[in-house]
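structure-v9.cif follows; it contains mmCIF, C-alpha atoms.
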data_final
#
loop_
_atom_site.label_atom_id
_atom_site.label_comp_id
_atom_site.auth_asym_id
_atom_site.auth_seq_id
_atom_site.Cartn_x
_atom_site.Cartn_y
_atom_site.Cartn_z
CA MET A 1 102.84 111.04 79.67
CA LYS A 2 99.18 110.10 79.88
CA VAL A 3 96.72 111.09 82.61
CA ILE A 4 93.59 109.44 83.98
CA GLU A 5 91.08 111.19 86.19
CA VAL A 6 89.46 109.68 89.26
CA SER A 7 86.46 111.11 91.12
CA THR A 8 86.31 109.93 94.69
CA GLY A 9 83.11 109.94 96.75
CA LYS A 10 84.20 109.56 100.36
CA ARG A 11 86.92 110.84 102.67
CA GLU A 12 88.59 107.43 102.62
CA GLU A 13 88.09 104.69 100.06
CA LEU A 14 89.85 102.46 97.57
CA ILE A 15 88.67 102.76 93.96
CA ASP A 16 89.39 100.15 91.30
CA ILE A 17 91.04 101.98 88.39
CA THR A 18 92.14 98.89 86.42
CA SER A 19 89.76 99.39 83.48
CA LYS A 20 90.54 103.13 83.21
CA ILE A 21 94.22 102.27 82.99
CA MET A 22 93.69 99.46 80.49
CA ASN A 23 91.67 101.85 78.27
CA VAL A 24 94.77 104.03 77.95
CA VAL A 25 96.93 100.96 77.25
CA LYS A 26 94.60 100.00 74.37
CA GLU A 27 94.38 103.55 72.96
CA GLU A 28 98.15 103.95 73.04
CA LYS A 29 98.73 100.41 71.71
CA TRP A 30 101.26 99.76 74.47
CA THR A 31 102.32 96.14 74.12
CA ASN A 32 105.34 94.68 75.93
CA GLY A 33 107.09 96.49 78.75
CA ILE A 34 106.45 98.21 82.04
CA LEU A 35 103.70 100.68 82.79
CA PHE A 36 104.66 103.10 85.57
CA LEU A 37 101.90 104.72 87.63
CA TYR A 38 102.37 107.91 89.64
CA VAL A 39 99.94 109.67 91.99
CA PRO A 40 100.57 113.46 92.07
CA HIS A 41 98.85 113.94 95.44
CA THR A 42 100.09 113.96 99.03
CA THR A 43 96.90 112.69 100.67
CA ALA A 44 96.29 109.73 98.37
CA GLY A 45 98.12 106.60 97.26
CA ILE A 46 98.08 103.66 94.88
CA THR A 47 98.15 99.91 95.50
CA ILE A 48 97.64 96.57 93.78
CA ASN A 49 95.27 94.16 95.53
CA GLU A 50 92.23 91.92 95.09
CA ASN A 51 89.44 93.54 93.05
CA TYR A 52 87.10 90.53 92.93
CA ASP A 53 85.54 91.00 96.39
CA PRO A 54 84.98 94.75 97.05
CA SER A 55 85.22 94.01 100.79
CA VAL A 56 89.01 93.80 100.43
CA GLY A 57 89.30 97.47 99.48
CA ASP A 58 86.99 98.41 102.35
CA ASP A 59 89.05 96.37 104.82
CA ILE A 60 92.27 98.08 103.68
CA SER A 61 90.70 101.52 103.97
CA ASN A 62 89.08 100.83 107.36
CA ASN A 63 92.21 99.27 108.80
CA LEU A 64 94.47 102.13 107.74
CA LYS A 65 91.96 104.49 109.39
CA LYS A 66 92.21 102.45 112.60
CA LEU A 67 96.03 102.47 112.54
CA VAL A 68 96.25 106.18 111.69
CA PRO A 69 93.04 107.86 112.89
CA PRO A 70 91.94 111.34 111.75
CA GLY A 71 92.11 113.89 114.58
CA ASN A 72 93.62 116.99 116.07
CA PHE A 73 96.58 115.39 117.79
CA TYR A 74 98.98 116.03 114.87
CA LYS A 75 101.29 119.03 114.23
CA HIS A 76 99.91 119.69 110.72
CA THR A 77 96.75 121.68 111.41
CA GLU A 78 94.73 121.24 108.23
CA GLY A 79 92.79 118.24 109.56
CA ASN A 80 94.38 115.82 107.09
CA ALA A 81 97.67 114.92 108.77
CA ASP A 82 96.45 111.31 108.94
CA SER A 83 95.87 111.38 105.16
CA HIS A 84 99.51 112.35 104.51
CA ILE A 85 100.72 109.53 106.76
CA LYS A 86 98.53 106.96 104.97
CA SER A 87 99.89 108.21 101.63
CA THR A 88 103.40 107.31 102.79
CA ILE A 89 102.28 103.89 104.08
CA THR A 90 100.66 102.83 100.77
CA GLY A 91 103.07 104.73 98.53
CA GLN A 92 102.48 107.02 95.54
CA THR A 93 104.10 104.86 92.83
CA THR A 94 103.71 101.37 91.44
CA PHE A 95 104.15 99.54 88.14
CA ILE A 96 102.68 96.64 86.21
CA PHE A 97 104.16 94.46 83.49
CA LEU A 98 102.48 94.31 80.07
CA GLU A 99 102.81 91.39 77.63
CA GLY A 100 100.92 91.41 74.34
CA GLY A 101 99.04 94.52 75.43
CA ARG A 102 97.67 92.82 78.55
CA PRO A 103 98.62 93.25 82.21
CA VAL A 104 100.56 90.34 83.71
CA PHE A 105 98.36 90.17 86.80
CA GLY A 106 97.90 87.40 89.30
CA THR A 107 94.40 85.88 89.29
CA TRP A 108 92.77 88.40 91.60
CA GLN A 109 94.85 91.52 91.07
CA GLY A 110 93.62 94.96 90.14
CA ILE A 111 94.93 98.50 90.62
CA PHE A 112 93.39 100.73 93.27
CA PHE A 113 93.49 104.47 93.78
CA CYS A 114 93.64 105.08 97.55
CA GLU A 115 91.72 108.17 98.62
CA PHE A 116 92.56 109.40 102.13
CA ASP A 117 91.16 112.97 102.02
CA GLY A 118 88.17 113.03 99.66
CA PRO A 119 85.83 113.45 98.09
CA ARG A 120 87.94 115.08 95.35
CA LYS A 121 88.87 115.05 91.68
CA ARG A 122 92.19 113.19 91.46
CA LYS A 123 94.70 112.19 88.79
CA VAL A 124 97.06 109.34 88.05
CA TYR A 125 99.99 109.80 85.63
CA LEU A 126 101.17 107.02 83.32
CA LYS A 127 104.45 106.46 81.49
CA PHE A 128 105.21 103.31 79.49
CA PHE A 129 108.63 101.87 78.69
CA GLU A 130 108.64 99.41 75.80
CA GLU A 131 110.85 96.36 76.08
CA ARG A 132 113.40 96.04 73.33
CA MET B 1 109.77 88.21 81.52
CA LYS B 2 111.38 85.69 83.85
CA VAL B 3 109.76 83.92 86.80
CA ILE B 4 111.12 82.55 90.05
CA GLU B 5 109.20 80.21 92.33
CA VAL B 6 109.09 80.48 96.10
CA SER B 7 107.75 77.80 98.47
CA THR B 8 106.67 79.26 101.78
CA GLY B 9 106.38 77.17 104.95
CA LYS B 10 104.32 79.24 107.36
CA ARG B 11 101.25 81.49 107.31
CA GLU B 12 103.46 84.56 107.76
CA GLU B 13 107.17 84.79 107.10
CA LEU B 14 109.83 86.68 105.17
CA ILE B 15 111.97 84.55 102.85
CA ASP B 16 115.31 85.72 101.46
CA ILE B 17 115.10 85.35 97.66
CA THR B 18 118.29 87.26 96.81
CA SER B 19 120.25 84.26 95.52
CA LYS B 20 117.30 82.97 93.45
CA ILE B 21 117.06 86.36 91.79
CA MET B 22 120.81 86.62 91.23
CA ASN B 23 120.79 83.19 89.57
CA VAL B 24 118.41 84.56 86.93
CA VAL B 25 120.58 87.67 86.52
CA LYS B 26 123.60 85.43 85.82
CA GLU B 27 121.75 83.08 83.44
CA GLU B 28 120.34 86.02 81.48
CA LYS B 29 123.68 87.88 81.55
CA TRP B 30 121.90 91.05 82.70
CA THR B 31 124.62 93.63 83.32
CA ASN B 32 123.87 97.36 83.78
CA GLY B 33 120.38 98.66 84.40
CA ILE B 34 117.35 98.18 86.60
CA LEU B 35 115.77 94.88 87.56
CA PHE B 36 112.04 95.26 88.29
CA LEU B 37 110.39 92.74 90.62
CA TYR B 38 106.64 92.10 90.68
CA VAL B 39 104.62 89.86 93.03
CA PRO B 40 101.46 88.52 91.28
CA HIS B 41 99.66 87.79 94.56
CA THR B 42 97.24 89.79 96.72
CA THR B 43 98.18 88.24 100.07
CA ALA B 44 101.96 88.58 99.75
CA GLY B 45 104.50 91.33 99.23
CA ILE B 46 108.15 92.11 98.55
CA THR B 47 110.68 94.19 100.46
CA ILE B 48 114.38 94.97 100.71
CA ASN B 49 115.90 94.70 104.17
CA GLU B 50 118.73 93.19 106.22
CA ASN B 51 119.42 89.54 105.39
CA TYR B 52 122.46 89.09 107.63
CA ASP B 53 120.56 88.51 110.90
CA PRO B 54 117.45 86.36 110.22
CA SER B 55 115.81 87.96 113.29
CA VAL B 56 115.14 91.08 111.22
CA GLY B 57 112.75 89.23 108.89
CA ASP B 58 111.03 87.65 111.89
CA ASP B 59 110.62 91.04 113.58
CA ILE B 60 109.05 92.53 110.43
CA SER B 61 106.67 89.59 110.09
CA ASN B 62 105.72 89.54 113.79
CA ASN B 63 105.24 93.29 113.97
CA LEU B 64 102.99 93.45 110.90
CA LYS B 65 100.95 90.64 112.50
CA LYS B 66 100.61 92.73 115.65
CA LEU B 67 99.58 95.86 113.71
CA VAL B 68 97.12 93.96 111.48
CA PRO B 69 96.02 90.82 113.33
CA PRO B 70 94.29 87.86 111.65
CA GLY B 71 90.67 87.52 112.75
CA ASN B 72 86.99 87.62 111.92
CA PHE B 73 86.42 91.34 112.43
CA TYR B 74 86.93 92.18 108.73
CA LYS B 75 84.35 92.41 105.89
CA HIS B 76 86.21 89.98 103.61
CA THR B 77 85.15 86.57 104.94
CA GLU B 78 87.86 84.26 103.66
CA GLY B 79 89.96 84.54 106.81
CA ASN B 80 92.79 86.38 105.07
CA ALA B 81 91.61 90.00 105.08
CA ASP B 82 94.65 90.83 107.24
CA SER B 83 96.92 89.28 104.58
CA HIS B 84 95.52 91.60 101.90
CA ILE B 85 96.10 94.63 104.14
CA LYS B 86 99.71 93.61 104.85
CA SER B 87 100.27 93.19 101.10
CA THR B 88 99.33 96.84 100.60
CA ILE B 89 101.55 97.98 103.50
CA THR B 90 104.71 96.25 102.15
CA GLY B 91 103.84 96.69 98.47
CA GLN B 92 103.95 94.24 95.57
CA THR B 93 106.70 95.89 93.50
CA THR B 94 110.30 96.92 93.99
CA PHE B 95 113.48 97.30 91.94
CA ILE B 96 117.23 97.01 92.32
CA PHE B 97 120.06 98.55 90.33
CA LEU B 98 122.60 96.31 88.57
CA GLU B 99 126.14 97.36 87.66
CA GLY B 100 128.53 94.88 86.04
CA GLY B 101 126.02 92.09 86.61
CA ARG B 102 125.93 92.66 90.37
CA PRO B 103 123.26 94.25 92.55
CA VAL B 104 124.13 97.71 93.91
CA PHE B 105 123.10 96.82 97.44
CA GLY B 106 123.93 98.52 100.70
CA THR B 107 126.10 96.40 103.02
CA TRP B 108 123.28 94.44 104.62
CA GLN B 109 120.60 94.46 101.95
CA GLY B 110 118.81 91.47 100.50
CA ILE B 111 115.43 90.92 98.83
CA PHE B 112 112.63 89.26 100.77
CA PHE B 113 109.41 87.63 99.65
CA CYS B 114 106.76 88.50 102.26
CA GLU B 115 104.28 85.66 102.83
CA PHE B 116 101.10 86.70 104.64
CA ASP B 117 98.77 83.75 103.84
CA GLY B 118 100.90 80.62 103.43
CA PRO B 119 102.12 78.06 103.24
CA ARG B 120 101.84 78.23 99.44
CA LYS B 121 103.70 77.98 96.15
CA ARG B 122 104.34 81.57 95.08
CA LYS B 123 105.94 83.41 92.16
CA VAL B 124 107.92 86.57 91.52
CA TYR B 125 108.12 88.08 88.03
CA LEU B 126 111.27 89.82 86.73
CA LYS B 127 111.83 92.29 83.91
CA PHE B 128 115.19 93.92 83.23
CA PHE B 129 115.83 97.24 81.47
CA GLU B 130 119.37 97.68 80.20
CA GLU B 131 120.98 101.10 80.52
CA ARG B 132 122.16 102.57 77.26
CA MET C 1 124.46 105.76 88.48
CA LYS C 2 124.63 108.96 90.48
CA VAL C 3 124.78 109.31 94.25
CA ILE C 4 123.61 112.00 96.64
CA GLU C 5 124.64 112.21 100.28
CA VAL C 6 122.32 113.02 103.16
CA SER C 7 123.42 113.89 106.70
CA THR C 8 120.71 113.19 109.23
CA GLY C 9 120.59 114.86 112.65
CA LYS C 10 118.20 112.78 114.73
CA ARG C 11 117.33 109.13 115.33
CA GLU C 12 114.09 109.55 113.39
CA GLU C 13 113.25 112.30 110.94
CA LEU C 14 112.15 113.02 107.38
CA ILE C 15 114.52 115.21 105.35
CA ASP C 16 113.48 117.00 102.17
CA ILE C 17 115.98 115.97 99.46
CA THR C 18 114.11 117.42 96.46
CA SER C 19 116.63 120.17 95.68
CA LYS C 20 119.62 117.82 96.04
CA ILE C 21 118.01 115.48 93.54
CA MET C 22 117.08 118.28 91.15
CA ASN C 23 120.69 119.51 91.23
CA VAL C 24 121.80 116.16 89.81
CA VAL C 25 119.02 116.29 87.20
CA LYS C 26 120.32 119.69 86.04
CA GLU C 27 124.00 118.67 86.05
CA GLU C 28 123.24 115.51 84.07
CA LYS C 29 120.83 117.34 81.74
CA TRP C 30 118.21 114.63 82.25
CA THR C 31 115.11 115.76 80.37
CA ASN C 32 112.17 113.42 79.65
CA GLY C 33 111.79 110.08 81.34
CA ILE C 34 111.75 108.41 84.74
CA LEU C 35 114.18 109.01 87.56
CA PHE C 36 114.52 105.96 89.82
CA LEU C 37 115.60 106.48 93.43
CA TYR C 38 117.10 103.75 95.60
CA VAL C 39 118.05 103.84 99.29
CA PRO C 40 120.95 101.44 100.02
CA HIS C 41 120.17 101.21 103.75
CA THR C 42 118.06 98.83 105.83
CA THR C 43 117.08 101.28 108.57
CA ALA C 44 115.95 104.14 106.32
CA GLY C 45 113.41 104.70 103.58
CA ILE C 46 112.18 107.12 100.94
CA THR C 47 108.78 108.70 100.35
CA ILE C 48 107.02 111.43 98.40
CA ASN C 49 104.83 113.76 100.44
CA GLU C 50 104.05 117.41 101.22
CA ASN C 51 107.15 119.56 101.67
CA TYR C 52 105.41 122.91 102.08
CA ASP C 53 104.51 122.55 105.79
CA PRO C 54 107.42 120.85 107.63
CA SER C 55 104.89 119.56 110.19
CA VAL C 56 103.84 116.88 107.70
CA GLY C 57 107.25 115.19 107.80
CA ASP C 58 107.24 115.39 111.60
CA ASP C 59 103.77 113.84 111.78
CA ILE C 60 104.84 110.94 109.54
CA SER C 61 107.97 110.34 111.60
CA ASN C 62 106.17 110.60 114.95
CA ASN C 63 103.30 108.39 113.87
CA LEU C 64 105.55 105.63 112.54
CA LYS C 65 107.38 105.77 115.89
CA LYS C 66 104.06 105.32 117.67
CA LEU C 67 103.04 102.38 115.46
CA VAL C 68 106.46 100.70 115.70
CA PRO C 69 108.14 101.87 118.91
CA PRO C 70 111.87 101.45 119.61
CA GLY C 71 112.50 98.94 122.40
CA ASN C 72 113.94 95.64 123.55
CA PHE C 73 110.94 93.46 122.75
CA TYR C 74 112.25 92.44 119.31
CA LYS C 75 114.39 89.42 118.32
CA HIS C 76 117.05 91.54 116.58
CA THR C 77 119.22 92.72 119.47
CA GLU C 78 121.00 95.75 118.04
CA GLY C 79 118.39 98.21 119.31
CA ASN C 80 117.19 99.15 115.85
CA ALA C 81 114.69 96.40 115.02
CA ASP C 82 111.98 99.06 114.85
CA SER C 83 114.06 100.97 112.28
CA HIS C 84 114.18 97.93 109.98
CA ILE C 85 110.40 97.50 110.24
CA LYS C 86 109.79 101.17 109.41
CA SER C 87 112.09 100.83 106.37
CA THR C 88 109.81 98.08 105.03
CA ILE C 89 106.67 100.15 105.74
CA THR C 90 107.89 103.22 103.81
CA GLY C 91 109.89 101.29 101.21
CA GLN C 92 113.41 101.78 99.87
CA THR C 93 112.53 102.66 96.26
CA THR C 94 110.46 105.26 94.44
CA PHE C 95 110.46 107.13 91.13
CA ILE C 96 109.44 110.47 89.68
CA PHE C 97 108.57 111.49 86.14
CA LEU C 98 110.61 114.20 84.39
CA GLU C 99 109.33 116.36 81.52
CA GLY C 100 111.50 119.11 80.05
CA GLY C 101 114.04 118.60 82.83
CA ARG C 102 111.47 119.27 85.56
CA PRO C 103 109.75 116.88 87.95
CA VAL C 104 106.07 116.24 87.22
CA PHE C 105 105.02 116.80 90.82
CA GLY C 106 101.63 117.54 92.27
CA THR C 107 101.34 121.02 93.82
CA TRP C 108 102.73 120.11 97.24
CA GLN C 109 104.98 117.17 96.49
CA GLY C 110 108.62 116.77 97.42
CA ILE C 111 110.93 113.81 98.02
CA PHE C 112 111.88 112.85 101.56
CA PHE C 113 114.67 110.71 102.93
CA CYS C 114 113.25 108.81 105.92
CA GLU C 115 115.82 108.34 108.70
CA PHE C 116 114.87 105.71 111.27
CA ASP C 117 118.24 105.05 112.97
CA GLY C 118 120.28 108.23 112.85
CA PRO C 119 122.06 110.48 113.07
CA ARG C 120 124.16 109.10 110.21
CA LYS C 121 125.70 109.84 106.84
CA ARG C 122 123.36 108.30 104.28
CA LYS C 123 123.17 107.89 100.51
CA VAL C 124 120.54 107.77 97.79
CA TYR C 125 121.31 106.23 94.38
CA LEU C 126 119.83 107.62 91.14
CA LYS C 127 119.37 106.07 87.70
CA PHE C 128 117.55 107.84 84.87
CA PHE C 129 115.81 106.23 81.89
CA GLU C 130 115.23 108.58 78.97
CA GLU C 131 111.96 108.27 77.08
CA ARG C 132 112.41 107.51 73.42
#
Structure translated into structure tokens:
Amino acid sequence: MKVIEVSTGKREELIDITSKIMNVVKEEKWTNGILFLYVPHTTAGITINENYDPSVGDDISNNLKKLVPPGNFYKHTEGNADSHIKSTITGQTTFIFLEGGRPVFGTWQGIFFCEFDGPRKRKVYLKFFEER
Amino acid sequence: MKVIEVSTGKREELIDITSKIMNVVKEEKWTNGILFLYVPHTTAGITINENYDPSVGDDISNNLKKLVPPGNFYKHTEGNADSHIKSTITGQTTFIFLEGGRPVFGTWQGIFFCEFDGPRKRKVYLKFFEER
Amino acid sequence: MKVIEVSTGKREELIDITSKIMNVVKEEKWTNGILFLYVPHTTAGITINENYDPSVGDDISNNLKKLVPPGNFYKHTEGNADSHIKSTITGQTTFIFLEGGRPVFGTWQGIFFCEFDGPRKRKVYLKFFEER
């Protein structure tokens, strides 16, 4: 298993981690198969979306905040109940396909770490399964 | 990697792609293992849900539209910011188990392509890992 | 493929199934790799979140109910249209990494079955891929 580290700067934001992930792919010489990504946090998530216009990440973050606002009207009293809920909405796992050492992305796709209770030091775990 | 094509007919709709996927499974003689499905688009998604009553797909589509309405109140100015957000809510990846060449579905389950910015020609990528 | 059974007690609730899943891991002597989890239902889901404070699961369940309320304003007329929508929001699939027979969780993580149309007898399917 490989690990990447992500430093987040706000309570809620999406951070493009595509190049960090591809650095590991190159170092490990992973070629053809599936790369599985796992977020070991309960107030963060992971998603694939457009990384060309940074507004897209902001819109996702802002809209999730609107749907699930921070506040004191939850049972969990640590002030981050909304962050846990957002983590379940985006999910904590995803995967990408690799062919010839490159991600099989659509034109605009990149991988985003979703911070819902920052700023913090965060991690993403990686496991690769080679195609036979 | 295999590819299926999906033609969508509306801006927002769920399309049952179960039989298209099972055609590839048969052609490739995939038998026991996990079939991974990947949507290479940032304004679409994939989900597993009931495909017996077509109203279920309509309800999902209509309700996501209500939660995340199209409009000009987003930062991304291409008119499809809502579509990107919905893509993150449904997700772009899923998987099904195969046993004896058949999907291990629950009684009512099928696989849906989720269009959030159509009509368009879309794709879904497939990779299969055989169980040893 | 292995199967675990889950009995739910309410219409909507999150149930911690971590120890049930880890019992199978121990019985099967699964060691290093990825454990894939699949929910064969269309009105339920699966998620990873905090299982230390049970309020977190309640908050997730209550908030999804607020975002997608039960009611008769859907096309699907069986009274559980909202349950299908929630199933798509949480998702029906997830995975965890195993190292040395143990889950590579973050500090607070556990696995939850998400019931959206209970009480019922439910199932979760498991397939494990060993790392070579």
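With all atoms listed in the file taken into account, chain A has Pro40, His41, Thr42, Tyr74, Lys75, His76, Ala81, His84, Ile85, Thr88, Ile89, Gln92 and Thr93 of chain A at most 7 Å from chain C.
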Separation of atom CA of A:Lys20 from atom CA of A:Tyr52, in Å and rounded to one decimal
16.3 Å
Result set of the PyMOL selection byres ((chain C and resi 114) around 7) on the coordinates above, as a ChimeraX atom specification:
/C:13-15,44-46,112-113,115-116
Fitted chain C, least squares over ordered Cα pairs with chain A, as a JSON list (two decimals) with C-alpha atoms, in the coordinates of the input:
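This went into result_39.json:
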[["chain", "number", "residue", "atom", "x", "y", "z"],
["C", 1, "MET", "CA", 102.84, 111.02, 79.69],
["C", 2, "LYS", "CA", 99.18, 110.12, 79.90],
["C", 3, "VAL", "CA", 96.72, 111.10, 82.61],
["C", 4, "ILE", "CA", 93.60, 109.46, 83.98],
["C", 5, "GLU", "CA", 91.08, 111.20, 86.21],
["C", 6, "VAL", "CA", 89.45, 109.68, 89.27],
["C", 7, "SER", "CA", 86.46, 111.12, 91.12],
["C", 8, "THR", "CA", 86.31, 109.93, 94.70],
["C", 9, "GLY", "CA", 83.10, 109.94, 96.75],
["C", 10, "LYS", "CA", 84.19, 109.58, 100.37],
["C", 11, "ARG", "CA", 86.91, 110.84, 102.70],
["C", 12, "GLU", "CA", 88.59, 107.43, 102.63],
["C", 13, "GLU", "CA", 88.09, 104.70, 100.07],
["C", 14, "LEU", "CA", 89.87, 102.46, 97.58],
["C", 15, "ILE", "CA", 88.67, 102.77, 93.97],
["C", 16, "ASP", "CA", 89.39, 100.15, 91.32],
["C", 17, "ILE", "CA", 91.04, 101.98, 88.38],
["C", 18, "THR", "CA", 92.14, 98.89, 86.42],
["C", 19, "SER", "CA", 89.76, 99.39, 83.48],
["C", 20, "LYS", "CA", 90.55, 103.12, 83.20],
["C", 21, "ILE", "CA", 94.23, 102.27, 82.99],
["C", 22, "MET", "CA", 93.68, 99.45, 80.49],
["C", 23, "ASN", "CA", 91.68, 101.84, 78.28],
["C", 24, "VAL", "CA", 94.77, 104.03, 77.95],
["C", 25, "VAL", "CA", 96.93, 100.96, 77.25],
["C", 26, "LYS", "CA", 94.60, 100.02, 74.38],
["C", 27, "GLU", "CA", 94.37, 103.56, 72.96],
["C", 28, "GLU", "CA", 98.15, 103.96, 73.05],
["C", 29, "LYS", "CA", 98.73, 100.43, 71.72],
["C", 30, "TRP", "CA", 101.26, 99.76, 74.47],
["C", 31, "THR", "CA", 102.32, 96.13, 74.11],
["C", 32, "ASN", "CA", 105.35, 94.67, 75.93],
["C", 33, "GLY", "CA", 107.08, 96.48, 78.74],
["C", 34, "ILE", "CA", 106.44, 98.21, 82.05],
["C", 35, "LEU", "CA", 103.70, 100.69, 82.79],
["C", 36, "PHE", "CA", 104.68, 103.10, 85.57],
["C", 37, "LEU", "CA", 101.92, 104.73, 87.63],
["C", 38, "TYR", "CA", 102.38, 107.91, 89.64],
["C", 39, "VAL", "CA", 99.94, 109.66, 91.99],
["C", 40, "PRO", "CA", 100.58, 113.44, 92.07],
["C", 41, "HIS", "CA", 98.85, 113.94, 95.43],
["C", 42, "THR", "CA", 100.09, 113.96, 99.02],
["C", 43, "THR", "CA", 96.91, 112.68, 100.67],
["C", 44, "ALA", "CA", 96.29, 109.71, 98.36],
["C", 45, "GLY", "CA", 98.12, 106.59, 97.28],
["C", 46, "ILE", "CA", 98.09, 103.65, 94.89],
["C", 47, "THR", "CA", 98.15, 99.91, 95.50],
["C", 48, "ILE", "CA", 97.64, 96.57, 93.79],
["C", 49, "ASN", "CA", 95.28, 94.17, 95.54],
["C", 50, "GLU", "CA", 92.23, 91.92, 95.09],
["C", 51, "ASN", "CA", 89.45, 93.53, 93.06],
["C", 52, "TYR", "CA", 87.10, 90.55, 92.92],
["C", 53, "ASP", "CA", 85.52, 91.00, 96.38],
["C", 54, "PRO", "CA", 84.98, 94.75, 97.04],
["C", 55, "SER", "CA", 85.22, 94.01, 100.78],
["C", 56, "VAL", "CA", 89.00, 93.79, 100.42],
["C", 57, "GLY", "CA", 89.31, 97.47, 99.48],
["C", 58, "ASP", "CA", 86.99, 98.40, 102.35],
["C", 59, "ASP", "CA", 89.05, 96.36, 104.81],
["C", 60, "ILE", "CA", 92.27, 98.07, 103.69],
["C", 61, "SER", "CA", 90.70, 101.51, 103.97],
["C", 62, "ASN", "CA", 89.09, 100.82, 107.35],
["C", 63, "ASN", "CA", 92.21, 99.26, 108.81],
["C", 64, "LEU", "CA", 94.48, 102.12, 107.75],
["C", 65, "LYS", "CA", 91.95, 104.47, 109.38],
["C", 66, "LYS", "CA", 92.21, 102.45, 112.58],
["C", 67, "LEU", "CA", 96.02, 102.47, 112.53],
["C", 68, "VAL", "CA", 96.24, 106.18, 111.68],
["C", 69, "PRO", "CA", 93.04, 107.87, 112.88],
["C", 70, "PRO", "CA", 91.93, 111.34, 111.74],
["C", 71, "GLY", "CA", 92.11, 113.87, 114.57],
["C", 72, "ASN", "CA", 93.61, 117.01, 116.05],
["C", 73, "PHE", "CA", 96.58, 115.41, 117.77],
["C", 74, "TYR", "CA", 98.97, 116.05, 114.86],
["C", 75, "LYS", "CA", 101.27, 119.04, 114.22],
["C", 76, "HIS", "CA", 99.89, 119.70, 110.72],
["C", 77, "THR", "CA", 96.73, 121.69, 111.42],
["C", 78, "GLU", "CA", 94.70, 121.26, 108.24],
["C", 79, "GLY", "CA", 92.80, 118.23, 109.55],
["C", 80, "ASN", "CA", 94.38, 115.83, 107.09],
["C", 81, "ALA", "CA", 97.67, 114.91, 108.77],
["C", 82, "ASP", "CA", 96.46, 111.31, 108.93],
["C", 83, "SER", "CA", 95.87, 111.37, 105.16],
["C", 84, "HIS", "CA", 99.50, 112.35, 104.51],
["C", 85, "ILE", "CA", 100.73, 109.52, 106.76],
["C", 86, "LYS", "CA", 98.53, 106.97, 104.97],
["C", 87, "SER", "CA", 99.89, 108.19, 101.61],
["C", 88, "THR", "CA", 103.41, 107.32, 102.79],
["C", 89, "ILE", "CA", 102.28, 103.90, 104.08],
["C", 90, "THR", "CA", 100.67, 102.85, 100.77],
["C", 91, "GLY", "CA", 103.09, 104.74, 98.53],
["C", 92, "GLN", "CA", 102.49, 107.03, 95.55],
["C", 93, "THR", "CA", 104.11, 104.87, 92.85],
["C", 94, "THR", "CA", 103.71, 101.38, 91.44],
["C", 95, "PHE", "CA", 104.15, 99.54, 88.14],
["C", 96, "ILE", "CA", 102.68, 96.64, 86.21],
["C", 97, "PHE", "CA", 104.15, 94.45, 83.50],
["C", 98, "LEU", "CA", 102.48, 94.30, 80.07],
["C", 99, "GLU", "CA", 102.80, 91.39, 77.63],
["C", 100, "GLY", "CA", 100.91, 91.40, 74.33],
["C", 101, "GLY", "CA", 99.01, 94.51, 75.43],
["C", 102, "ARG", "CA", 97.65, 92.81, 78.55],
["C", 103, "PRO", "CA", 98.62, 93.24, 82.20],
["C", 104, "VAL", "CA", 100.55, 90.33, 83.71],
["C", 105, "PHE", "CA", 98.35, 90.17, 86.80],
["C", 106, "GLY", "CA", 97.90, 87.41, 89.31],
["C", 107, "THR", "CA", 94.40, 85.87, 89.28],
["C", 108, "TRP", "CA", 92.77, 88.40, 91.60],
["C", 109, "GLN", "CA", 94.85, 91.51, 91.06],
["C", 110, "GLY", "CA", 93.62, 94.96, 90.14],
["C", 111, "ILE", "CA", 94.93, 98.50, 90.62],
["C", 112, "PHE", "CA", 93.39, 100.73, 93.27],
["C", 113, "PHE", "CA", 93.49, 104.46, 93.79],
["C", 114, "CYS", "CA", 93.65, 105.06, 97.55],
["C", 115, "GLU", "CA", 91.72, 108.17, 98.62],
["C", 116, "PHE", "CA", 92.55, 109.40, 102.11],
["C", 117, "ASP", "CA", 91.16, 112.97, 102.02],
["C", 118, "GLY", "CA", 88.20, 113.04, 99.67],
["C", 119, "PRO", "CA", 85.85, 113.45, 98.07],
["C", 120, "ARG", "CA", 87.96, 115.08, 95.36],
["C", 121, "LYS", "CA", 88.88, 115.05, 91.69],
["C", 122, "ARG", "CA", 92.18, 113.19, 91.48],
["C", 123, "LYS", "CA", 94.70, 112.20, 88.81],
["C", 124, "VAL", "CA", 97.07, 109.35, 88.05],
["C", 125, "TYR", "CA", 99.99, 109.81, 85.64],
["C", 126, "LEU", "CA", 101.17, 107.01, 83.31],
["C", 127, "LYS", "CA", 104.46, 106.46, 81.49],
["C", 128, "PHE", "CA", 105.20, 103.31, 79.50],
["C", 129, "PHE", "CA", 108.63, 101.86, 78.69],
["C", 130, "GLU", "CA", 108.64, 99.41, 75.79],
["C", 131, "GLU", "CA", 110.86, 96.35, 76.07],
["C", 132, "ARG", "CA", 113.41, 96.10, 73.31]]
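The space separating atom CA of B:Asn80 from atom CA of B:Glu5 comes to 21.7 Å.
A straight-line distance of 17.9 Å separates atom CA of C:Thr8 from atom CA of C:Leu37.
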Put the listed atoms of stretch 50-69 of chain B in a box along x, y and z with 4 Å added on every side and give me the centre and edge lengths in Å to one decimal, as JSON.
{"center_x": 109.2, "center_y": 91.1, "center_z": 110.5, "size_x": 34.4, "size_y": 17.5, "size_z": 18.3}
Any chance you could resolve the PyMOL selection byres ((chain C and resi 124) around 8) against this file and give the residues as a PyMOL selection string?
chain C and resi 3-6+37-40+122-123+125-126
